[in-house]
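Comments concern the structure below.
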There are 2 protein chains.
Amino acid sequence: MSPRSSATGAARTRAEIIDAAVGQASLEGLEAITIGRLAGRLGMSKAGVIGPFGTKEELQLAALESANAVFRREVWDPVASAEPGLGRLEALMESWLSFLGSDVFPGGCFITQAAADFDGREGSVRAAVEETSRLWERVLCREARAAIGRGELPAGTDPRQIAFELGAIAQGVNQARQLRREQDAAGRGRRAMRRVLGLTDDRA
Amino acid sequence: MSPRSSATGAARTRAEIIDAAVGQASLEGLEAITIGRLAGRLGMSKAGVIGPFGTKEELQLAALESANAVFRREVWDPVASAEPGLGRLEALMESWLSFLGSDVFPGGCFITQAAADFDGREGSVRAAVEETSRLWERVLCREARAAIGRGELPAGTDPRQIAFELGAIAQGVNQARQLRREQDAAGRGRRAMRRVLGLTDDRA
DNA sequence: TCGTTATGCAAACGACCGTTCGTTATCCTC
DNA sequence: GAGGATAACGAACGGTCGTTTGCATAACGA
């Protein structure tokens with residue numbers, strides 16, 4: 001079931017195809033992946049690549065699901081055991097920034113890439129991307145709500161506004177790093193996030 | 001020279017092709033535009049479409065240039081005559097939000113779309129997209145610097161940080177509207193921008 | 001050990017890709 | 001009116017796209 005490295009036969013092949021698809025998609029977009037190029041990169045035939053999925057659309061959905069799992073493992077899991085509230089939200093942002101600065105996905109944030117690629121289309125992949133985006137925003141929102149409930153953020157704060165702003169900043173970091181290749185993208189993002197969370201380390 | 005609606009013969013055709021290409025690109029990405037589909041939509045032959053540009057890459061560059069001109073006309077020009085400083089920066093943000101909420105580009109912000117599409121590639125189009133992004137950030141930065149110089153933003157404020165955050169918020173608005181179809185995307189963006197600019201209309 | 005079931009390959013399909021070529025219609029200038 | 005430039009056409013090029021089909025071969029359960 002798990003797409004980790006070992007496994008036997010078909011499951012292993014399937015995981016390798018998905019990994020290659022995720023890499024390709026993070027660079028050029030989920031729609032730009034191509035059966036033929038994946039086959040070339042993997043040293044397989046086109047039929048062998050598409051076989052386990054039946055359809056390119058199913059392969060796209062599998063790649064998205066895999067990228068979600070990677071994101072959860074890299075960003076959420078490290079802070080999952082902490083207590084809900086501002087502390088965990090702060091740790092989550094650090095985790096997120098570290099992820100955006102890594103090369104886990106060679107082309108940067110997979111969801112941002114997929115969102116731009118599919119927000120003007122219709123179909124099941126678009127729906128899955130939208131749902132992923134919604135789910136992650138719900139996570140941020142829940143965490144912000146916990147922080148408000150504990151009095152760590154001002155009463156009356158709108159948790160959805162916090163979630164929106166944190167997500168926007170992450171998008172900005174991703175673009176600064178991937179498009180403009182700014183060295184200090186993470187630093188700018190950190191400052192912005194800390195200001196949103198009231199953890200001002202600069203002038204009032 | 002200007003791609004406005006009237007004009008004679010070839011220039012007019014060229015402008016029509018570019019308009020169609022911009023529309024298509026804002027929906028599905030600058031790389032996903034296709035000579036054949038443009039020809040179909042325009043009732044022309046493929047040769048007639050690619051003729052004025054010679055190459056798809058040149059057509060992409062022309063589409064990007066046109067989108068830049070539209071952006072400047074819709075967002076910058078309305079505030080260009082005001083005095084530099086916080087007032088104009090605020091007006092610029094309103095102008096930007098209004099633009100993001102309009103359907104000038106059917107698929108949302110052209111640059112965000114193009115950035116995601118090309119930030120993992122190489123070549124002249126990528127370079128042009130990057131330069132556009134840099135240029136716009138420089139505009140925001142210059143405006144923030146003016147506001148700081150006039151004492152309308154706290155001394156010691158980093159104008160590049162302001163530019164980064166405003167740009168990130170716009171990206172967030174675009175994704176909220178285009179992917180998640182949130183009704184109040186502009187409202188969230190406005191609140192976030194005003195907070196960045198110290199124009200707090202919510203609780204301290 | 002032998003059928004059965006997976007697993008992946010080679011080849012081919014029709015469709016569309018970007019680009020090139022030669023030709024035609026239309027206009028402007030002598 | 002004749003002649004030349006211009007603009008767009010239709011047809012074709014070699015490739016690549018996603019998908020389907022039939023055939024090997026490897027693995028497995030009896």
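Residue names in the structure tokens use chain letters A, B, ... in the order shown, residue numbers from 1 in each chain, and ligand numbers from 1 in the order shown.
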
Fewer than 4 positions away in the same chain doesn't count, so skip those; otherwise give me all residues within 8 Å of segment 159-171 of chain B, counting only C-alpha atoms (C1' of nucleotides), as a PDB file with N, CA and C atoms, in the first residue's frame.
```
ATOM      1  N   GLU A 165      -3.731  34.484   4.959  1.00  0.00           N
ATOM      2  CA  GLU A 165      -2.491  35.246   4.865  1.00  0.00           C
ATOM      3  C   GLU A 165      -1.275  34.332   4.920  1.00  0.00           C
ATOM      4  N   ALA A 168      -0.953  32.686   1.580  1.00  0.00           N
ATOM      5  CA  ALA A 168      -0.482  33.627   0.569  1.00  0.00           C
ATOM      6  C   ALA A 168       1.022  33.847   0.690  1.00  0.00           C
ATOM      7  N   ILE A 169       1.499  33.967   1.904  1.00  0.00           N
ATOM      8  CA  ILE A 169       2.930  34.187   2.107  1.00  0.00           C
ATOM      9  C   ILE A 169       3.728  33.000   1.572  1.00  0.00           C
ATOM     10  N   ALA A 170       3.234  31.803   1.835  1.00  0.00           N
ATOM     11  CA  ALA A 170       3.933  30.625   1.318  1.00  0.00           C
ATOM     12  C   ALA A 170       3.995  30.662  -0.202  1.00  0.00           C
ATOM     13  N   GLN A 171       2.908  31.077  -0.831  1.00  0.00           N
ATOM     14  CA  GLN A 171       2.925  31.217  -2.284  1.00  0.00           C
ATOM     15  C   GLN A 171       3.970  32.227  -2.720  1.00  0.00           C
ATOM     16  N   GLY A 172       4.038  33.335  -1.984  1.00  0.00           N
ATOM     17  CA  GLY A 172       5.023  34.351  -2.324  1.00  0.00           C
ATOM     18  C   GLY A 172       6.441  33.834  -2.195  1.00  0.00           C
ATOM     19  N   VAL A 173       6.698  33.059  -1.150  1.00  0.00           N
ATOM     20  CA  VAL A 173       8.027  32.477  -0.966  1.00  0.00           C
ATOM     21  C   VAL A 173       8.354  31.565  -2.133  1.00  0.00           C
ATOM     22  N   ARG A 188      12.263  36.361   4.085  1.00  0.00           N
ATOM     23  CA  ARG A 188      11.125  37.284   3.905  1.00  0.00           C
ATOM     24  C   ARG A 188       9.832  36.630   4.356  1.00  0.00           C
ATOM     25  N   ALA A 192       7.316  37.803   7.431  1.00  0.00           N
ATOM     26  CA  ALA A 192       5.896  38.071   7.170  1.00  0.00           C
ATOM     27  C   ALA A 192       4.997  37.179   8.027  1.00  0.00           C
TER      28      ALA A 192
ATOM     29  N   TRP B  96      -5.363  47.046  -8.012  1.00  0.00           N
ATOM     30  CA  TRP B  96      -4.921  45.668  -8.254  1.00  0.00           C
ATOM     31  C   TRP B  96      -6.018  44.682  -7.868  1.00  0.00           C
ATOM     32  N   LEU B  97      -6.611  44.907  -6.715  1.00  0.00           N
ATOM     33  CA  LEU B  97      -7.674  44.008  -6.267  1.00  0.00           C
ATOM     34  C   LEU B  97      -8.856  44.042  -7.228  1.00  0.00           C
ATOM     35  N   THR B 112       1.034  35.251 -12.680  1.00  0.00           N
ATOM     36  CA  THR B 112       1.058  34.114 -11.758  1.00  0.00           C
ATOM     37  C   THR B 112       0.980  32.812 -12.532  1.00  0.00           C
ATOM     38  N   GLU B 137       7.854  44.099  -8.948  1.00  0.00           N
ATOM     39  CA  GLU B 137       8.258  44.199  -7.549  1.00  0.00           C
ATOM     40  C   GLU B 137       9.055  45.477  -7.309  1.00  0.00           C
ATOM     41  N   ARG B 138       9.832  45.875  -8.306  1.00  0.00           N
ATOM     42  CA  ARG B 138      10.590  47.122  -8.176  1.00  0.00           C
ATOM     43  C   ARG B 138       9.643  48.319  -8.068  1.00  0.00           C
ATOM     44  N   LEU B 140       6.602  48.297  -6.798  1.00  0.00           N
ATOM     45  CA  LEU B 140       6.043  48.284  -5.446  1.00  0.00           C
ATOM     46  C   LEU B 140       7.076  48.776  -4.437  1.00  0.00           C
ATOM     47  N   CYS B 141       8.307  48.354  -4.637  1.00  0.00           N
ATOM     48  CA  CYS B 141       9.376  48.714  -3.717  1.00  0.00           C
ATOM     49  C   CYS B 141       9.613  50.217  -3.727  1.00  0.00           C
ATOM     50  N   ARG B 142       9.652  50.770  -4.920  1.00  0.00           N
ATOM     51  CA  ARG B 142       9.876  52.207  -5.043  1.00  0.00           C
ATOM     52  C   ARG B 142       8.768  53.005  -4.353  1.00  0.00           C
ATOM     53  N   ALA B 144       6.871  51.944  -1.892  1.00  0.00           N
ATOM     54  CA  ALA B 144       7.008  51.801  -0.444  1.00  0.00           C
ATOM     55  C   ALA B 144       8.115  52.709   0.076  1.00  0.00           C
ATOM     56  N   ARG B 145       9.198  52.818  -0.694  1.00  0.00           N
ATOM     57  CA  ARG B 145      10.312  53.657  -0.260  1.00  0.00           C
ATOM     58  C   ARG B 145       9.877  55.120  -0.178  1.00  0.00           C
ATOM     59  N   ILE B 148       7.957  55.589   2.963  1.00  0.00           N
ATOM     60  CA  ILE B 148       8.843  55.631   4.132  1.00  0.00           C
ATOM     61  C   ILE B 148       9.519  56.995   4.214  1.00  0.00           C
ATOM     62  N   GLN B 175      -5.328  32.911  -6.193  1.00  0.00           N
ATOM     63  CA  GLN B 175      -5.590  31.479  -6.019  1.00  0.00           C
ATOM     64  C   GLN B 175      -6.932  31.235  -5.332  1.00  0.00           C
ATOM     65  N   GLY B 189      -7.942  39.870   0.799  1.00  0.00           N
ATOM     66  CA  GLY B 189      -6.732  40.519   0.318  1.00  0.00           C
ATOM     67  C   GLY B 189      -6.659  41.960   0.796  1.00  0.00           C
ATOM     68  N   ALA B 192      -5.654  42.133   4.417  1.00  0.00           N
ATOM     69  CA  ALA B 192      -4.241  41.795   4.582  1.00  0.00           C
ATOM     70  C   ALA B 192      -3.341  42.938   4.107  1.00  0.00           C
ATOM     71  N   MET B 193      -3.680  43.524   2.964  1.00  0.00           N
ATOM     72  CA  MET B 193      -2.849  44.604   2.424  1.00  0.00           C
ATOM     73  C   MET B 193      -2.870  45.824   3.344  1.00  0.00           C
ATOM     74  N   VAL B 196      -0.653  45.296   6.210  1.00  0.00           N
ATOM     75  CA  VAL B 196       0.761  45.450   5.850  1.00  0.00           C
ATOM     76  C   VAL B 196       1.138  46.925   5.790  1.00  0.00           C
ATOM     77  N   LEU B 197       0.199  47.732   5.308  1.00  0.00           N
ATOM     78  CA  LEU B 197       0.479  49.162   5.147  1.00  0.00           C
ATOM     79  C   LEU B 197       0.172  49.959   6.406  1.00  0.00           C
TER      80      LEU B 197
END
```

Can you superpose chain A onto chain B by least squares over all C-alpha atoms paired in order and give the moved copy as an mmCIF file with C-alpha atoms, in the first residue's frame?
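Saved as superposed_32.cif:
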```cif
data_model
loop_
_atom_site.group_PDB
_atom_site.id
_atom_site.type_symbol
_atom_site.label_atom_id
_atom_site.label_comp_id
_atom_site.auth_asym_id
_atom_site.auth_seq_id
_atom_site.Cartn_x
_atom_site.Cartn_y
_atom_site.Cartn_z
ATOM 1 C CA MET A 1 2.104 50.003 -33.203
ATOM 2 C CA SER A 2 -0.670 49.871 -30.652
ATOM 3 C CA PRO A 3 -2.683 46.655 -30.510
ATOM 4 C CA ARG A 4 -5.971 48.516 -30.120
ATOM 5 C CA SER A 5 -9.017 47.431 -31.953
ATOM 6 C CA SER A 6 -8.849 49.295 -35.203
ATOM 7 C CA ALA A 7 -5.793 49.254 -37.495
ATOM 8 C CA THR A 8 -5.277 48.053 -40.972
ATOM 9 C CA GLY A 9 -4.613 44.590 -42.324
ATOM 10 C CA ALA A 10 -1.714 42.776 -40.828
ATOM 11 C CA ALA A 11 -1.391 44.774 -37.622
ATOM 12 C CA ARG A 12 -5.033 44.167 -36.880
ATOM 13 C CA THR A 13 -4.717 40.446 -37.528
ATOM 14 C CA ARG A 14 -1.647 40.293 -35.371
ATOM 15 C CA ALA A 15 -3.468 41.974 -32.511
ATOM 16 C CA GLU A 16 -6.390 39.586 -32.815
ATOM 17 C CA ILE A 17 -4.086 36.594 -32.672
ATOM 18 C CA ILE A 18 -2.350 37.982 -29.604
ATOM 19 C CA ASP A 19 -5.645 38.670 -27.866
ATOM 20 C CA ALA A 20 -6.783 35.115 -28.445
ATOM 21 C CA ALA A 21 -3.422 33.791 -27.265
ATOM 22 C CA VAL A 22 -3.591 35.848 -24.075
ATOM 23 C CA GLY A 23 -7.067 34.553 -23.319
ATOM 24 C CA GLN A 24 -6.055 30.974 -23.894
ATOM 25 C CA ALA A 25 -2.855 31.387 -21.881
ATOM 26 C CA SER A 26 -4.572 32.926 -18.884
ATOM 27 C CA LEU A 27 -6.825 29.888 -18.709
ATOM 28 C CA GLU A 28 -4.480 27.016 -19.427
ATOM 29 C CA GLY A 29 -1.006 28.473 -19.315
ATOM 30 C CA LEU A 30 1.366 30.160 -21.700
ATOM 31 C CA GLU A 31 2.894 26.854 -22.706
ATOM 32 C CA ALA A 32 -0.455 25.169 -23.316
ATOM 33 C CA ILE A 33 -1.489 27.523 -26.103
ATOM 34 C CA THR A 34 -1.644 25.769 -29.412
ATOM 35 C CA ILE A 35 -1.411 27.108 -32.949
ATOM 36 C CA GLY A 36 -4.121 24.777 -34.155
ATOM 37 C CA ARG A 37 -6.618 25.715 -31.469
ATOM 38 C CA LEU A 38 -5.966 29.424 -31.950
ATOM 39 C CA ALA A 39 -6.533 28.939 -35.665
ATOM 40 C CA GLY A 40 -9.808 27.181 -34.977
ATOM 41 C CA ARG A 41 -11.016 29.863 -32.599
ATOM 42 C CA LEU A 42 -10.050 32.633 -35.025
ATOM 43 C CA GLY A 43 -11.325 30.921 -38.141
ATOM 44 C CA MET A 44 -7.872 30.998 -39.679
ATOM 45 C CA SER A 45 -5.365 28.484 -40.922
ATOM 46 C CA LYS A 46 -2.471 27.419 -38.728
ATOM 47 C CA ALA A 47 -0.006 29.008 -41.143
ATOM 48 C CA GLY A 48 -1.895 32.265 -40.961
ATOM 49 C CA VAL A 49 -1.687 32.241 -37.167
ATOM 50 C CA ILE A 50 1.993 31.480 -36.855
ATOM 51 C CA GLY A 51 2.969 33.577 -39.871
ATOM 52 C CA PRO A 52 3.255 37.001 -38.208
ATOM 53 C CA PHE A 53 5.467 35.554 -35.477
ATOM 54 C CA GLY A 54 7.454 32.848 -37.176
ATOM 55 C CA THR A 55 7.680 30.747 -34.069
ATOM 56 C CA LYS A 56 5.518 29.730 -31.158
ATOM 57 C CA GLU A 57 8.102 31.135 -28.778
ATOM 58 C CA GLU A 58 7.828 34.551 -30.430
ATOM 59 C CA LEU A 59 4.067 34.349 -30.122
ATOM 60 C CA GLN A 60 4.426 33.570 -26.422
ATOM 61 C CA LEU A 61 6.704 36.563 -25.956
ATOM 62 C CA ALA A 62 4.246 38.786 -27.808
ATOM 63 C CA ALA A 63 1.375 37.509 -25.671
ATOM 64 C CA LEU A 64 3.359 38.195 -22.507
ATOM 65 C CA GLU A 65 4.202 41.691 -23.669
ATOM 66 C CA SER A 66 0.558 42.343 -24.466
ATOM 67 C CA ALA A 67 -0.553 41.059 -21.067
ATOM 68 C CA ASN A 68 1.984 43.368 -19.448
ATOM 69 C CA ALA A 69 0.524 46.303 -21.331
ATOM 70 C CA VAL A 70 -2.979 45.362 -20.241
ATOM 71 C CA PHE A 71 -1.850 45.057 -16.640
ATOM 72 C CA ARG A 72 -0.173 48.451 -16.768
ATOM 73 C CA ARG A 73 -3.221 50.052 -18.328
ATOM 74 C CA GLU A 74 -5.673 48.480 -15.896
ATOM 75 C CA VAL A 75 -3.691 48.672 -12.675
ATOM 76 C CA TRP A 76 -0.983 51.295 -12.916
ATOM 77 C CA ASP A 77 -2.321 53.961 -15.230
ATOM 78 C CA PRO A 78 -5.359 54.828 -13.063
ATOM 79 C CA VAL A 79 -3.057 55.850 -10.202
ATOM 80 C CA ALA A 80 -0.051 57.055 -12.177
ATOM 81 C CA SER A 81 -0.894 60.722 -11.870
ATOM 82 C CA ALA A 82 -1.115 60.690 -8.078
ATOM 83 C CA GLU A 83 1.755 61.717 -5.864
ATOM 84 C CA PRO A 84 4.144 58.899 -4.853
ATOM 85 C CA GLY A 85 3.678 57.710 -1.303
ATOM 86 C CA LEU A 86 1.333 55.739 0.907
ATOM 87 C CA GLY A 87 -1.787 57.228 -0.653
ATOM 88 C CA ARG A 88 -0.835 56.087 -4.116
ATOM 89 C CA LEU A 89 0.305 52.718 -2.826
ATOM 90 C CA GLU A 90 -3.077 52.239 -1.195
ATOM 91 C CA ALA A 91 -4.829 53.263 -4.404
ATOM 92 C CA LEU A 92 -2.592 50.922 -6.333
ATOM 93 C CA MET A 93 -3.633 48.013 -4.129
ATOM 94 C CA GLU A 94 -7.295 48.861 -4.663
ATOM 95 C CA SER A 95 -6.667 49.021 -8.359
ATOM 96 C CA TRP A 96 -4.904 45.667 -8.238
ATOM 97 C CA LEU A 97 -7.678 44.010 -6.250
ATOM 98 C CA SER A 98 -10.275 45.365 -8.619
ATOM 99 C CA PHE A 99 -8.286 43.989 -11.518
ATOM 100 C CA LEU A 100 -8.000 40.559 -9.898
ATOM 101 C CA GLY A 101 -11.755 40.554 -9.360
ATOM 102 C CA SER A 102 -12.518 41.489 -12.944
ATOM 103 C CA ASP A 103 -12.544 39.186 -15.921
ATOM 104 C CA VAL A 104 -10.007 41.085 -17.959
ATOM 105 C CA PHE A 105 -8.062 37.839 -18.115
ATOM 106 C CA PRO A 106 -10.555 34.988 -18.021
ATOM 107 C CA GLY A 107 -8.198 32.707 -16.122
ATOM 108 C CA GLY A 108 -6.949 35.193 -13.543
ATOM 109 C CA CYS A 109 -3.559 36.808 -13.141
ATOM 110 C CA PHE A 110 -1.537 36.192 -16.242
ATOM 111 C CA ILE A 111 1.828 36.551 -14.571
ATOM 112 C CA THR A 112 1.049 34.141 -11.758
ATOM 113 C CA GLN A 113 -0.062 31.650 -14.365
ATOM 114 C CA ALA A 114 3.034 32.196 -16.485
ATOM 115 C CA ALA A 115 5.309 32.094 -13.455
ATOM 116 C CA ALA A 116 4.098 28.681 -12.388
ATOM 117 C CA ASP A 117 4.252 27.498 -15.965
ATOM 118 C CA PHE A 118 7.816 28.577 -16.670
ATOM 119 C CA ASP A 119 9.677 28.716 -13.361
ATOM 120 C CA GLY A 120 10.906 25.192 -13.918
ATOM 121 C CA ARG A 121 11.992 25.728 -17.511
ATOM 122 C CA GLU A 122 14.738 27.560 -19.318
ATOM 123 C CA GLY A 123 14.739 29.912 -22.268
ATOM 124 C CA SER A 124 13.729 33.356 -23.403
ATOM 125 C CA VAL A 125 10.112 33.126 -22.237
ATOM 126 C CA ARG A 126 11.172 32.187 -18.742
ATOM 127 C CA ALA A 127 13.584 35.117 -18.720
ATOM 128 C CA ALA A 128 10.862 37.506 -19.853
ATOM 129 C CA VAL A 129 8.451 36.267 -17.186
ATOM 130 C CA GLU A 130 11.122 36.630 -14.529
ATOM 131 C CA GLU A 131 11.943 40.145 -15.689
ATOM 132 C CA THR A 132 8.276 41.124 -15.598
ATOM 133 C CA SER A 133 7.964 39.842 -12.063
ATOM 134 C CA ARG A 134 11.122 41.693 -11.009
ATOM 135 C CA LEU A 135 9.971 44.909 -12.638
ATOM 136 C CA TRP A 136 6.633 44.911 -10.882
ATOM 137 C CA GLU A 137 8.251 44.200 -7.555
ATOM 138 C CA ARG A 138 10.585 47.127 -8.182
ATOM 139 C CA VAL A 139 7.572 49.361 -8.732
ATOM 140 C CA LEU A 140 6.048 48.277 -5.428
ATOM 141 C CA CYS A 141 9.372 48.692 -3.703
ATOM 142 C CA ARG A 142 9.885 52.210 -5.034
ATOM 143 C CA GLU A 143 6.427 53.203 -3.890
ATOM 144 C CA ALA A 144 7.011 51.786 -0.434
ATOM 145 C CA ARG A 145 10.322 53.635 -0.241
ATOM 146 C CA ALA A 146 8.560 56.878 -1.073
ATOM 147 C CA ALA A 147 6.047 56.248 1.687
ATOM 148 C CA ILE A 148 8.848 55.606 4.149
ATOM 149 C CA GLY A 149 10.675 58.746 3.040
ATOM 150 C CA ARG A 150 7.545 60.776 3.691
ATOM 151 C CA GLY A 151 7.168 59.289 7.137
ATOM 152 C CA GLU A 152 3.969 57.498 6.201
ATOM 153 C CA LEU A 153 5.486 54.153 7.058
ATOM 154 C CA PRO A 154 7.715 53.618 10.113
ATOM 155 C CA ALA A 155 11.356 54.557 9.653
ATOM 156 C CA GLY A 156 13.478 51.447 9.328
ATOM 157 C CA THR A 157 10.809 49.590 7.409
ATOM 158 C CA ASP A 158 12.287 47.426 4.669
ATOM 159 C CA PRO A 159 10.589 48.489 1.420
ATOM 160 C CA ARG A 160 11.455 45.191 -0.237
ATOM 161 C CA GLN A 161 9.706 43.341 2.553
ATOM 162 C CA ILE A 162 6.603 45.445 1.951
ATOM 163 C CA ALA A 163 6.793 44.723 -1.765
ATOM 164 C CA PHE A 164 7.195 41.015 -1.093
ATOM 165 C CA GLU A 165 4.213 40.847 1.205
ATOM 166 C CA LEU A 166 1.912 42.826 -1.064
ATOM 167 C CA GLY A 167 2.829 40.632 -4.001
ATOM 168 C CA ALA A 168 2.279 37.495 -1.980
ATOM 169 C CA ILE A 169 -1.159 38.664 -0.914
ATOM 170 C CA ALA A 170 -2.120 39.308 -4.516
ATOM 171 C CA GLN A 171 -1.066 35.767 -5.353
ATOM 172 C CA GLY A 172 -3.191 34.495 -2.509
ATOM 173 C CA VAL A 173 -6.197 36.446 -3.751
ATOM 174 C CA ASN A 174 -5.743 35.060 -7.221
ATOM 175 C CA GLN A 175 -5.595 31.476 -6.030
ATOM 176 C CA ALA A 176 -8.523 31.886 -3.642
ATOM 177 C CA ARG A 177 -10.648 33.251 -6.455
ATOM 178 C CA GLN A 178 -9.518 31.079 -9.346
ATOM 179 C CA LEU A 179 -8.991 27.728 -7.672
ATOM 180 C CA ARG A 180 -11.271 27.742 -4.637
ATOM 181 C CA ARG A 181 -13.761 30.233 -6.085
ATOM 182 C CA GLU A 182 -14.021 32.086 -2.806
ATOM 183 C CA GLN A 183 -16.451 34.967 -2.996
ATOM 184 C CA ASP A 184 -14.619 37.179 -0.545
ATOM 185 C CA ALA A 185 -11.120 36.748 -1.908
ATOM 186 C CA ALA A 186 -10.756 40.461 -2.576
ATOM 187 C CA GLY A 187 -11.997 41.300 0.908
ATOM 188 C CA ARG A 188 -9.406 39.041 2.525
ATOM 189 C CA GLY A 189 -6.741 40.519 0.331
ATOM 190 C CA ARG A 190 -7.782 44.051 1.182
ATOM 191 C CA ARG A 191 -7.650 43.380 4.900
ATOM 192 C CA ALA A 192 -4.231 41.796 4.588
ATOM 193 C CA MET A 193 -2.845 44.584 2.442
ATOM 194 C CA ARG A 194 -4.142 47.288 4.728
ATOM 195 C CA ARG A 195 -2.537 45.586 7.673
ATOM 196 C CA VAL A 196 0.783 45.419 5.869
ATOM 197 C CA LEU A 197 0.503 49.140 5.165
ATOM 198 C CA GLY A 198 -0.459 49.935 8.750
ATOM 199 C CA LEU A 199 -3.945 51.051 7.741
ATOM 200 C CA THR A 200 -5.596 48.875 10.354
ATOM 201 C CA ASP A 201 -9.347 48.960 10.169
ATOM 202 C CA ASP A 202 -9.681 45.941 12.443
ATOM 203 C CA ARG A 203 -8.695 45.420 16.060
ATOM 204 C CA ALA A 204 -5.168 46.391 16.999
#
```

**Request:** With a distance cut-off of 10 Å and only C-alpha atoms (C1' of nucleotides), select the neighbouring residues of DT21 of chain D, excluding the residue or stretch itself and same-chain residues fewer than 2 positions from it, and output the selection as a list in words.
**Result:** DA11, DA12 and DC13 of chain C; DT19 and DC23 of chain D

**Item:** Atomic distance atom C1' of DT19 of chain C - atom C1' of DG4 of chain D, expressed in Å with one decimal
**Value:**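 Answer for the atom C1' of DT19 of chain C to atom C1' of DG4 of chain D separation: 26.8 Å.
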
Pull out every residue of chain C that has at least one atom within 10 Å of chain A, counting only C-alpha atoms (C1' of nucleotides), and report them as a PDB file with N, CA and C atoms (P, O5', C5', C4', C3', O3' and C1' of nucleotides), in the first residue's frame.
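Below you can see iface_29.pdb, which holds the result:
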```pdb
ATOM      1  P    DA C   6      -4.416 -12.057 -11.739  1.00  0.00           P
ATOM      2  O5'  DA C   6      -3.040 -11.449 -12.142  1.00  0.00           O
ATOM      3  C5'  DA C   6      -2.402 -10.437 -11.522  1.00  0.00           C
ATOM      4  C4'  DA C   6      -0.905 -10.688 -11.620  1.00  0.00           C
ATOM      5  C3'  DA C   6      -0.159  -9.411 -11.988  1.00  0.00           C
ATOM      6  O3'  DA C   6       0.895  -9.242 -11.081  1.00  0.00           O
ATOM      7  C1'  DA C   6       0.425 -11.169 -13.482  1.00  0.00           C
ATOM      8  P    DT C   7       1.408  -7.765 -10.791  1.00  0.00           P
ATOM      9  O5'  DT C   7       2.303  -7.380 -12.048  1.00  0.00           O
ATOM     10  C5'  DT C   7       3.553  -8.041 -12.221  1.00  0.00           C
ATOM     11  C4'  DT C   7       4.121  -7.773 -13.578  1.00  0.00           C
ATOM     12  C3'  DT C   7       4.049  -6.307 -14.044  1.00  0.00           C
ATOM     13  O3'  DT C   7       5.356  -5.779 -13.980  1.00  0.00           O
ATOM     14  C1'  DT C   7       3.665  -7.872 -15.806  1.00  0.00           C
ATOM     15  P    DG C   8       5.613  -4.228 -14.133  1.00  0.00           P
ATOM     16  O5'  DG C   8       6.113  -4.105 -15.643  1.00  0.00           O
ATOM     17  C5'  DG C   8       7.265  -4.835 -16.031  1.00  0.00           C
ATOM     18  C4'  DG C   8       7.232  -5.052 -17.528  1.00  0.00           C
ATOM     19  C3'  DG C   8       7.220  -3.756 -18.344  1.00  0.00           C
ATOM     20  O3'  DG C   8       8.458  -3.615 -19.018  1.00  0.00           O
ATOM     21  C1'  DG C   8       5.736  -5.414 -19.220  1.00  0.00           C
ATOM     22  P    DC C   9       8.714  -2.441 -20.032  1.00  0.00           P
ATOM     23  O5'  DC C   9       8.631  -3.193 -21.428  1.00  0.00           O
ATOM     24  C5'  DC C   9       9.412  -4.367 -21.634  1.00  0.00           C
ATOM     25  C4'  DC C   9       9.158  -4.926 -23.020  1.00  0.00           C
ATOM     26  C3'  DC C   9       9.238  -3.880 -24.122  1.00  0.00           C
ATOM     27  O3'  DC C   9      10.219  -4.236 -25.076  1.00  0.00           O
ATOM     28  C1'  DC C   9       7.156  -5.064 -24.226  1.00  0.00           C
ATOM     29  P    DA C  10      10.772  -3.161 -26.102  1.00  0.00           P
ATOM     30  O5'  DA C  10       9.926  -3.491 -27.412  1.00  0.00           O
ATOM     31  C5'  DA C  10       9.882  -4.835 -27.889  1.00  0.00           C
ATOM     32  C4'  DA C  10       8.944  -4.930 -29.073  1.00  0.00           C
ATOM     33  C3'  DA C  10       9.093  -3.800 -30.086  1.00  0.00           C
ATOM     34  O3'  DA C  10       9.031  -4.360 -31.396  1.00  0.00           O
ATOM     35  C1'  DA C  10       6.854  -3.873 -29.288  1.00  0.00           C
TER      36       DA C  10
END
```

**Asked** What separation in Å, quoted to one decimal, exists between atom C1' of DT20 of chain C and atom C1' of DT16 of chain D?
**Response** 18.0 Å

Kindly assemble as CSV a list of the chain C residues that lie within 10 Å of segment 9-14 of chain D, each paired with its nearest atom pair and their distance in Å to one decimal, using only C-alpha atoms (C1' of nucleotides), sorted first by chain and then by ascending residue number.
```
residue,atom,partner,partner_atom,distance
C:DT19,C1',D:DC13,C1',8.2
C:DT20,C1',D:DC13,C1',7.5
C:DC21,C1',D:DA12,C1',8.3
C:DG22,C1',D:DA11,C1',9.5
C:DT23,C1',D:DC9,C1',8.1
C:DT24,C1',D:DC9,C1',7.4
C:DA25,C1',D:DC9,C1',9.2
```

**Prompt:** How many Å lie between atom C1' of DG22 of chain D and atom C1' of DG14 of chain C, rounded to one decimal?
**Reply:**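 Taking atom C1' of DG22 of chain D and atom C1' of DG14 of chain C, their separation equals 18.6 Å.
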
**Message:** Residues of chain A classed as alpha helix (DSSP H) by DSSP on the backbone are to be reported as an MDAnalysis selection string.
**Reply:** chainID A and resid 10:28 35:42 46:50 56:71 77:80 86:101 110:118 124:149 159:178 185:196
